[in-house]
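Everything below concerns the one structure shown next.
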Amino acid sequence: MKKRQSYPIANSTLMWLFAALLMAVMPHAPRLPLLVTALFLVFLSWRYMMVIYRWQPLSKISRFALTSLGLAVVYITQGTLIGRDAGISLLIAMLGVKLLEMSNERDVYITIMIAYFLVITHFLYSQSLLTAGYMFVVVVVITTTLIDLNRHEHGGAAQIKSNLQAAGWLMLQAAPFMLFLFILFPRIGGPIWGLHDETRGGTTGLSEEMSPGMISNLSGSDEVAFRVKFDAELPPNPQRYWRGPVLWHTDGQRWKASISGQPPAGRSSLPDFEPLGAPFKYTVTMEPSNQRWLFALDLPGVIPQESALTKDFQLQTVKPITQRVRYDMVSFTEYRTGKISLLERQRALQLPAGVNPETQRLGRRWRAELNNEAAIIDAALRMYATEEFIYTLSPPLLLTADPMDKFLFDTRRGFCEHYSSSFVTLMRAAGVPARVVTGYQGGELNPVGDYLIIRQKDAHAWAEVWLDEFGWVRVDPTAAVAPERVELSINNALSRQGEAVTFDLPIGGKLGELVRKFRFGWDSMNNGWNQWVLNYNEAQQRSFLSNLGLGIESWKDMVIALAIALFSLLGMFGAFILLRNYQSPDPIVRLWKAYCRKLSRKGVWRRPSEGPRAFSERVVTMHPEWAGDVNQITQLYIDIRYANAARQESVRALRNAINRFKP
Amino acid sequence: MFGIPANILGSAKETPRSEASAQDIKQSLHAVIATAGKIILGKDQQLKLAVCCLLARGHVLIEDLPGVGKTTLAHVLAKCLGLHFQRIQFTSDLLPADILGASVYNRNSSEFHFVPGPIFAQLILADEVNRTTPKTQSALLEAMEENQVTIEGKTYSLPVPFFVIATQNPNYQIGTFPLPESQLDRFLMRLEIGYPDNVSEKALLKGEDRRDIVQNLQPVISPEQLMALQKHVPSVVVSDALIDYVQTLLNFSREAAFYRTGLSPRAGLALVRAAQAWALLDGRTHTLPEDVQAVLPHVAGHRLVAAPEFRDQSALELASHLLKVAVP
């Protein structure tokens with residue numbers, strides 16, 4: 001085979017390529033070993049020097065040595081050459097070597113393809129909107145490189161602009177194909193390539209245990225726990241208690257669901273309570289928590305798929321939530337729960353003997369003095385409200401065997417877990433069945449998307465007590481200390497050791513307004529991205545397609561539909577190009593095309609490059625019976641179009657002749 | 001003057017133009033082609049193109065292997081048209097003066113006396129033009145461009161009509177000076193003759209000596225008639241639609257990946273002129289896209305430079321891509 005000659009690669013192409021590679025590699029830098037990034041940058045700068053100062057290309061031996069060096073660096077820093085991280089390190093190191101070796105057009109094509117591949121590898125780490133947006137920009141730059149490589153003239157600012165325009169236009173044309181592929185490409189169940197163990201590191205959130213300081217730690221986190229979209233109006237803020245783990249058992253310091261860790265009340269297949277008010281319908285999109293709780297407004301009225309409801313109204317999934325989940329819920333904020341079993345009553349009165357003696361004594365005294373459950377609760381709440389209790393994010397440590405005693409009678413500074421656990425301890429000492437409920441309270445309304453954002457800092461703990469005439473009743477002792485807690489969000493930016501909690505008041509002024517708008521807008525976009533792009537899994541795809549009602553059900557249907565969609569898109573593009581040629585402003589040309597169309601219906605096609613006379617000669621040889629009409633029409637057309645004949649009468653004659661012509 | 005028939009110098013008398021004569025023109029020209037075709041067998045297309053070129057006042061470059069009838073073609077055309085014929089064999093030691101002529105001292109009159117060179121003829125056969133040095137080549141090419149020569153400060157007009165048929169062996173042969181692209185542009189058309197087909201070759205091999213037949217040929221039309229015909233060419237109608245088509249072709253040649261450089265505006269002019277002549281040859285007073293297509297490969301072929309990827313393609317192959325451009 002003859003060796004194909006090729007152009008020297010233009011400097012402008014190389015500069016585009018360097019920019020594209022830098023843009024594609026740099027986001028990996030924080031994840032790569034420093035040495036690999038450094039190696040790549042050295043190779044890139046080297047190649048740059050070769051362009052600018054005309055350094056000599058490397059010999060075969062030095063290229064081999066550099067390749068070995070790259071391999072060695074990856075192996076030493078990663079300990080292996082396979083797997084995601086090592087693979088990407090290897091790809092980037094070898095890309096650097098390839099840059100030094102690159103000499104002809106083909107090498108540049110290969111490098112560009114590797115750059116495209118590098119773009120994909122970023123999605124193994126992050127699928128966020130930001131990553132996708134940035135990668136879109138990178139793809140535009142890479143495509144621009146490809147366009148520049150295929151140009152024969154180079155240089156000038158106008159060139160840059162026209163390259164970018166061409167790349168943008170290409171991307172725009174690709175968009176409908178992308179859309180169809182996205183919607184119709186069959187999704188496989190399960191996380192992609194089982195990568196989630198690697199991608200989901202430590203997630204913060206509530207767990208099945210509560211100890212002093214646990215929730216106050218969460219309050220420093222702005223991370224989103226879940227988002228809620230209500231079908232109709234929202235419940236008022238003081239009713240927004242998002243129920244999570246319910247804690248029964250205490251050793252005096254920590255609270256757990258039970259000794260065994262299992263909820264003591266067992267599961268129920270139906271929500272066992274009597275709703276009093278109107279239901280709230282909403283959809284929750286929950287971020288992965290690595291736990292099994294689904295959060296719902298107190299109390300949940302339905303049970304989502306693949307989950308169960310415990311008798312103490314916790315929603316639990318079968319498997320830990322490692323991916324974003326979305327579920328529809330119905331909740332009742334006003335309710336009366338059912339009966340309490342003997343076992344439940346026993347559990348709800350459990351207290352470790354001999355721990356927190358002062359607290360227990362106070363509870364027993366209230367029982368003796370008041371002997372009325374409502375009065376007891378009232379006394380406790382009054383104590384929190386009137387005595388010098390302070391609500392703080394960073395309470396002093398309670399390093400004693402009797403932490404409740406120390407909190408109630410000494411430090412009196414605490415966060416919601418202190419208030420709820422001391423309250424439940426007091427109730428139990430006074431003989432009132434009580435339990436701790438953890439979850440989230442409140443949430444921020446995003447006016448852009450009209451949904452609530454519940455963040456980790458909204459984590460909360462409250463109490464429930466058993467009253468014979470009402471069943472389980474929610475009591476929030478924190479609200480007695482700091483009523484703002486249930487009205488406003490915590491401002492975690494300014495809290496210092498031991499200081500009382502401040503709350504987020506709306507920031508005044510135009511700037512504050514702008515910042516808030518931006519924040520809400522951004523969150524709303526992210527939420528849309530999560531819901532409609534990332535969460536488009538097997539189940540979503542199936543429900544979306546069945547809602548379309550096109551009868552696309554199995555993956556086989558999807559493949560067929562995809563093929564049809566893509567081919568019809570191609571057809572549409574083709575038709576568009578044809579139509580553009582077809583629609584001519586000149587009436588003569590339109591008449592001529594109408595005539596050609598008539599013939600094409602009879603199977604005689606004019607080749608685009610065929611002149612009128614050559615065409616009519618061909619038509620007459622194929623169909624001598626049309627000779628008269630064809631010759632007349634062709635003669636008129638030529639006279640008008642090529643011999644500058646007087647137009648008016650001739651055009652009329654041509655139109656009549658073509659109308660008369662019935663092949 | 002200079003021993004050259006007087007009728008060939010200076011301009012001929014104007015003949016009145018007449019649209020009705022288009023068919024007559026066709027007939028007289030086709031008579032020329034038919035007569036020439038009796039000697040150069042099976043090459044009617046090349047003959048027609050050569051006559052078309054002559055009609056458009058352009059010059060022809062014939063590029064082919066030796067022995068396919070390049071010289072005969074020139075000779076026959078000269079005879080049929082009654083043109084004064086000169087043949088210049090280009091060699092590497094040929095000097096410009098050998099073509100243009102020089103002043104010679106006359107002892108009787110004690111004066112320098114200009115002896116015109118072989119270029120003072122109506123039809124020049126410049127044989128193997130790529131065998132000579134660029135200096136001599138440019139002497140010929142300048143004469144072709146200017147229609148006059150300047151020797152020792154004195155300008156001499158060349159005869160009219162003035163028609164050059166240059167021949168050239170394909171460039172890869174050793175010891176040649178290929179014509180640069182800028183000079184190739186001086187030729188309106190570049191033709192290839194090619195081997196004759198079986199039937200023609202048989203007739204050729206069986207028949208009498210071609211040279212004898214050529215000697216006995218009688219002119220079909222006179223040079224004056226030819227010049228009158230040449231005057232008709234610019235009046236052949238070129239409509240806007242046709243100009244659109246030519247522009248589409250030019251744009252294609254400038255944008256398509258096949259070519260490193262596209263066609264120049266001068267090439268566009270040449271294309272239109274050749275197409276007009278072709279239309280006239282066909283007895284028409286208007287130009288059709290078919291006329292452009294007929295002359296296109298021969299007008300465009302030697303003016304296009306292939307992109308590196310398409311360097312293997314011949315000039316005709318390269319130009320044939322243009323034939324696929326849609327007629328608007």
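Convention: chains lettered A, B, ... in structure tokens order; per-chain residue numbering from 1; ligands numbered from 1 as shown.
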
If the cut-off is 10 Å, can you tell me the residues of chain B near chain A, counting only C-alpha atoms? I'd like them as a ChimeraX atom specification.
/B:236-243,255,257,260,284-293,307-311,322-328

Got time to write the residues from that selection, C-alpha atoms, as a PDB file, in the first residue's frame?
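Heads up, here's the output in again_6.pdb:
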```pdb
ATOM      1  CA  VAL B 236     -23.350  34.075 -27.550  1.00  0.00           C
ATOM      2  CA  VAL B 237     -25.805  34.682 -24.706  1.00  0.00           C
ATOM      3  CA  VAL B 238     -24.626  33.882 -21.219  1.00  0.00           C
ATOM      4  CA  SER B 239     -27.613  34.128 -18.881  1.00  0.00           C
ATOM      5  CA  ASP B 240     -27.559  34.862 -15.172  1.00  0.00           C
ATOM      6  CA  ALA B 241     -28.571  31.287 -14.522  1.00  0.00           C
ATOM      7  CA  LEU B 242     -25.492  30.061 -16.339  1.00  0.00           C
ATOM      8  CA  ILE B 243     -23.257  32.475 -14.447  1.00  0.00           C
ATOM      9  CA  GLU B 255     -14.077  24.487  -0.914  1.00  0.00           C
ATOM     10  CA  ALA B 257     -11.314  18.647  -0.187  1.00  0.00           C
ATOM     11  CA  ARG B 260      -5.353  22.508  -2.676  1.00  0.00           C
ATOM     12  CA  ARG B 284     -26.720  27.864 -30.780  1.00  0.00           C
ATOM     13  CA  THR B 285     -26.694  31.510 -29.753  1.00  0.00           C
ATOM     14  CA  HIS B 286     -27.067  30.788 -26.035  1.00  0.00           C
ATOM     15  CA  THR B 287     -24.931  28.870 -23.607  1.00  0.00           C
ATOM     16  CA  LEU B 288     -26.233  25.853 -21.682  1.00  0.00           C
ATOM     17  CA  PRO B 289     -24.865  24.084 -18.626  1.00  0.00           C
ATOM     18  CA  GLU B 290     -24.115  21.193 -20.991  1.00  0.00           C
ATOM     19  CA  ASP B 291     -21.678  23.428 -22.874  1.00  0.00           C
ATOM     20  CA  VAL B 292     -19.881  24.226 -19.656  1.00  0.00           C
ATOM     21  CA  GLN B 293     -19.766  20.556 -18.762  1.00  0.00           C
ATOM     22  CA  ALA B 307      -4.771  18.148  -2.261  1.00  0.00           C
ATOM     23  CA  PRO B 308      -2.076  15.791  -0.946  1.00  0.00           C
ATOM     24  CA  GLU B 309      -4.570  13.006  -0.372  1.00  0.00           C
ATOM     25  CA  PHE B 310      -5.647  13.123  -4.019  1.00  0.00           C
ATOM     26  CA  ARG B 311      -2.262  13.515  -5.648  1.00  0.00           C
ATOM     27  CA  LEU B 322     -16.697  19.188 -10.743  1.00  0.00           C
ATOM     28  CA  LEU B 323     -19.090  17.469 -13.130  1.00  0.00           C
ATOM     29  CA  LYS B 324     -21.028  16.120 -10.164  1.00  0.00           C
ATOM     30  CA  VAL B 325     -21.887  19.605  -8.922  1.00  0.00           C
ATOM     31  CA  ALA B 326     -25.615  20.207  -9.118  1.00  0.00           C
ATOM     32  CA  VAL B 327     -26.922  22.571 -11.790  1.00  0.00           C
ATOM     33  CA  PRO B 328     -28.870  25.257  -9.906  1.00  0.00           C
TER      34      PRO B 328
END
```

Hey, what does DSSP flag as strand (DSSP E) within range 253-337 of chain A? Can you give it to me as JSON, numbers by chain?
{"A": [255, 256, 267, 268, 273, 274, 275, 280, 281, 282, 283, 284, 285, 286, 293, 294, 296, 297, 307, 308, 309, 310, 315, 316, 317, 325, 326, 327, 328, 329, 330, 331, 335, 336, 337]}

Name the residues in contact with range 119-127 of chain B at a cut-off of 7 Å, using only C-alpha atoms, excluding same-chain residues fewer than 6 positions from it; report them as a PyMOL selection string.
chain B and resi 74+78+83-90+99-100+158-168

Just want the 12 Å neighbourhood of range 235-240 of chain A, counted on only C-alpha atoms, with same-chain residues fewer than 6 positions away dropped. Output as a VMD selection string.
chain A and resid 228 to 229 277 to 282 295 to 299 331 to 334 439 to 445 452 to 454 458 to 460 474 to 476 479 483 to 489

Looking at A:Gln648, A:Ser103, A:Ser216, A:Thr283, which one is nearest to Lys457 in chain A, with distances taken over only C-alpha atoms?
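The shortest atom-to-atom distance to Lys457 in chain A comes from A:Ser216.
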
Residues at most 7 Å from Val115 in chain B, counting only C-alpha atoms, excluding those fewer than 5 positions away in the same chain, as a count of residues only?
4

Distance query Trp472 in chain A at most 8 Å, only C-alpha atoms, self and fewer than 5 positions along chain excluded, as a PDB file with N, CA and C atoms, in the first residue's frame:
```pdb
ATOM      1  N   ARG A 336     -54.913  10.235  65.453  1.00  0.00           N
ATOM      2  CA  ARG A 336     -55.006   9.591  66.783  1.00  0.00           C
ATOM      3  C   ARG A 336     -54.522   8.165  66.599  1.00  0.00           C
ATOM      4  N   THR A 337     -53.457   7.787  67.317  1.00  0.00           N
ATOM      5  CA  THR A 337     -52.896   6.451  67.097  1.00  0.00           C
ATOM      6  C   THR A 337     -53.687   5.417  67.873  1.00  0.00           C
ATOM      7  N   GLU A 464     -42.167  11.719  72.052  1.00  0.00           N
ATOM      8  CA  GLU A 464     -43.582  11.365  71.963  1.00  0.00           C
ATOM      9  C   GLU A 464     -43.983  10.746  73.305  1.00  0.00           C
ATOM     10  N   VAL A 465     -45.134  11.160  73.783  1.00  0.00           N
ATOM     11  CA  VAL A 465     -45.630  10.578  75.045  1.00  0.00           C
ATOM     12  C   VAL A 465     -46.978   9.915  74.771  1.00  0.00           C
ATOM     13  N   TRP A 466     -47.289   8.935  75.602  1.00  0.00           N
ATOM     14  CA  TRP A 466     -48.563   8.217  75.446  1.00  0.00           C
ATOM     15  C   TRP A 466     -49.593   8.811  76.387  1.00  0.00           C
ATOM     16  N   LEU A 467     -50.670   9.293  75.816  1.00  0.00           N
ATOM     17  CA  LEU A 467     -51.787   9.773  76.621  1.00  0.00           C
ATOM     18  C   LEU A 467     -52.984   8.912  76.261  1.00  0.00           C
TER      19      LEU A 467
END
```

Pick from B:Asn108, B:Lys70, B:Ile39, B:Glu63: nearest to His298 in chain B, with only C-alpha atoms counted?
B:Glu63

Computed interatomic separation between CA of Val448 in chain A and CA of Val515 in chain A (Å)
13.2 Å
